[in-house]
Structure formats: structure tokens, C-alpha cells
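Enquirer: Take a look at the following structure, please.
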Amino acid sequence: MSADFLAFSQAAGNDLSTPRPEFGFPGLQPGDRWCVCAARWLEAYEAGFASPVVLASTHEAALEIVPLAVLQAHATA
């Protein structure tokens, strides 16, 4: 997660930063890894707020939504 992605996601109605102990969710901080849906990631990318991607942890079905070259450009270890 990047700070920009978390802020974008919150502004879009998906607050990933706030802990929700009733659901066992600790809240995310920049640097954390978390699975997000490809459509939301693409939305953030198009707005200039893409978070880094761990390609080895990315399901191939994401390629139906996000071009491989875009994912590779944001790849991290």
C-alpha cells in the first residue's frame, strides 16, 4: 500500500486505513501488503495513485482488467 493509494481509496468510499476490530481488520498503513480488487487498483492507476504490485501474488484473472505492461511497470518484490 502506498499513502496515495490509501487516501484515494478512502476518498472513493473504501477506507482501508481505519481499524475495524469488530471484523478483525487492523487497518492498513503505507508499506503494508493487501489484496485489492483489480478494478479498484485500475481506477487508482488511472487517477495517478497506483500502489506497488507483487506480481507473484497477483492472480492471472487480473489481466482481464489490467494490462500486463501496466502491472509490470508497478511491480515490486
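Ordering of the C-alpha cells sets the chain letters (A, B, ...), residue numbers begin anew at 1 in every chain, and ligands are numbered from 1 in the order given.
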Might you pull out every residue within 9 Å of Ala77 in chain A, with only C-alpha atoms counted and same-chain residues fewer than 3 positions away left off, and present them as JSON, numbers by chain?

Expert: {"A": [53, 54, 55, 56]}

Enquirer: Quick one: write out the picked residues with N, CA, C and O atoms as a tab-separated table (two decimals), in the first residue's frame?

Expert:
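Saved as again39.tsv:
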```tsv
chain	number	residue	atom	x	y	z
A	53	VAL	N	2.74	-3.37	-6.96
A	53	VAL	CA	2.12	-4.68	-7.18
A	53	VAL	C	3.16	-5.77	-6.99
A	53	VAL	O	4.27	-5.68	-7.50
A	54	VAL	N	2.80	-6.82	-6.26
A	54	VAL	CA	3.64	-8.02	-6.14
A	54	VAL	C	3.12	-8.99	-7.20
A	54	VAL	O	2.10	-9.64	-7.01
A	55	LEU	N	3.83	-9.07	-8.32
A	55	LEU	CA	3.35	-9.88	-9.44
A	55	LEU	C	3.16	-11.34	-9.06
A	55	LEU	O	2.20	-11.98	-9.50
A	56	ALA	N	4.05	-11.89	-8.26
A	56	ALA	CA	3.95	-13.29	-7.86
A	56	ALA	C	2.70	-13.57	-7.04
A	56	ALA	O	2.26	-14.71	-6.94
```

Enquirer: Hey, what's within 12 Å of range 18-25 of chain A if we count only C-alpha atoms and toss same-chain stuff fewer than 2 positions away? As a PyMOL selection string, please?

Expert: chain A and resi 6-7+9-10+14-16+27-29+34

Enquirer: Find the residues around range 69-76 of chain A up to 12 Å (only C-alpha atoms counted), leave out those fewer than 6 positions away in its own chain, and share them as a PyMOL selection string.

Expert: chain A and resi 1-2+31+33+38+41-42+45-46+48-60+62-63

Enquirer: Based on the selection just made, write N, CA, C and O atoms of those residues as a compact mmCIF listing (two decimals), in the first residue's frame.

Expert:
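Below is the file result-v9.txt, written as the result:
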```txt
# COMPACT_ATOMS: atom_id res chain seq x y z
N MET A 1 0.82 -1.17 0.00
CA MET A 1 0.00 0.00 0.00
C MET A 1 0.88 1.24 0.00
O MET A 1 1.86 1.31 0.71
N SER A 2 0.48 2.20 -0.75
CA SER A 2 1.13 3.50 -0.71
C SER A 2 0.17 4.47 -0.02
O SER A 2 -1.05 4.25 0.01
N GLY A 31 3.15 0.80 3.06
CA GLY A 31 4.14 -0.28 3.17
C GLY A 31 3.51 -1.64 3.42
O GLY A 31 4.15 -2.67 3.19
N ARG A 33 1.07 -4.88 2.80
CA ARG A 33 0.60 -5.60 1.62
C ARG A 33 -0.83 -6.05 1.88
O ARG A 33 -1.14 -6.52 2.96
N ALA A 38 -8.85 -5.84 -8.74
CA ALA A 38 -8.17 -5.28 -9.91
C ALA A 38 -8.86 -4.02 -10.41
O ALA A 38 -8.20 -3.06 -10.83
N TRP A 41 -7.84 -1.13 -8.23
CA TRP A 41 -6.45 -0.79 -8.47
C TRP A 41 -6.33 -0.01 -9.79
O TRP A 41 -5.64 1.00 -9.86
N LEU A 42 -7.04 -0.47 -10.83
CA LEU A 42 -7.01 0.21 -12.13
C LEU A 42 -7.57 1.62 -12.01
O LEU A 42 -7.03 2.56 -12.60
N TYR A 45 -4.89 3.64 -10.52
CA TYR A 45 -3.85 3.84 -11.53
C TYR A 45 -4.24 4.96 -12.49
O TYR A 45 -3.45 5.86 -12.78
N GLU A 46 -5.46 4.90 -12.99
CA GLU A 46 -5.93 5.90 -13.95
C GLU A 46 -5.98 7.30 -13.35
O GLU A 46 -5.85 8.29 -14.06
N GLY A 48 -3.76 8.24 -11.12
CA GLY A 48 -2.40 8.58 -10.75
C GLY A 48 -1.99 8.16 -9.35
O GLY A 48 -1.02 8.69 -8.81
N PHE A 49 -2.72 7.20 -8.76
CA PHE A 49 -2.45 6.79 -7.37
C PHE A 49 -2.23 5.28 -7.23
O PHE A 49 -2.54 4.70 -6.19
N ALA A 50 -1.68 4.66 -8.24
CA ALA A 50 -1.46 3.21 -8.20
C ALA A 50 -0.50 2.83 -7.09
O ALA A 50 0.48 3.52 -6.82
N SER A 51 -0.80 1.73 -6.45
CA SER A 51 0.05 1.17 -5.41
C SER A 51 0.99 0.15 -6.05
O SER A 51 0.67 -0.41 -7.10
N PRO A 52 2.14 -0.13 -5.44
CA PRO A 52 3.01 -1.17 -5.98
C PRO A 52 2.28 -2.52 -6.03
O PRO A 52 1.37 -2.77 -5.25
N VAL A 53 2.74 -3.37 -6.96
CA VAL A 53 2.12 -4.68 -7.18
C VAL A 53 3.16 -5.77 -6.99
O VAL A 53 4.27 -5.68 -7.50
N VAL A 54 2.80 -6.82 -6.26
CA VAL A 54 3.64 -8.02 -6.14
C VAL A 54 3.12 -8.99 -7.20
O VAL A 54 2.10 -9.64 -7.01
N LEU A 55 3.83 -9.07 -8.32
CA LEU A 55 3.35 -9.88 -9.44
C LEU A 55 3.16 -11.34 -9.06
O LEU A 55 2.20 -11.98 -9.50
N ALA A 56 4.05 -11.89 -8.26
CA ALA A 56 3.95 -13.29 -7.86
C ALA A 56 2.70 -13.57 -7.04
O ALA A 56 2.26 -14.71 -6.94
N SER A 57 2.12 -12.54 -6.46
CA SER A 57 0.91 -12.69 -5.64
C SER A 57 -0.35 -12.24 -6.38
O SER A 57 -1.42 -12.21 -5.80
N THR A 58 -0.20 -11.87 -7.63
CA THR A 58 -1.32 -11.34 -8.41
C THR A 58 -1.95 -12.46 -9.24
O THR A 58 -1.25 -13.14 -10.00
N HIS A 59 -3.23 -12.64 -9.08
CA HIS A 59 -3.94 -13.70 -9.82
C HIS A 59 -3.98 -13.34 -11.30
O HIS A 59 -4.17 -12.18 -11.67
N GLU A 60 -3.84 -14.35 -12.14
CA GLU A 60 -3.83 -14.10 -13.59
C GLU A 60 -5.14 -13.49 -14.10
O GLU A 60 -5.15 -12.83 -15.14
N ALA A 62 -6.50 -10.98 -13.03
CA ALA A 62 -6.34 -9.52 -13.02
C ALA A 62 -6.03 -9.01 -14.42
O ALA A 62 -6.35 -7.86 -14.76
N LEU A 63 -5.43 -9.86 -15.25
CA LEU A 63 -5.08 -9.46 -16.62
C LEU A 63 -6.31 -9.23 -17.50
O LEU A 63 -6.20 -8.60 -18.55
```

Enquirer: DSSP on the backbone: which residues in range 22-77 of chain A end up as helix (DSSP H, G or I)? Give the answer as a ChimeraX atom specification.

Expert: /A:22-23,38-46,55-57,60-64,68-73
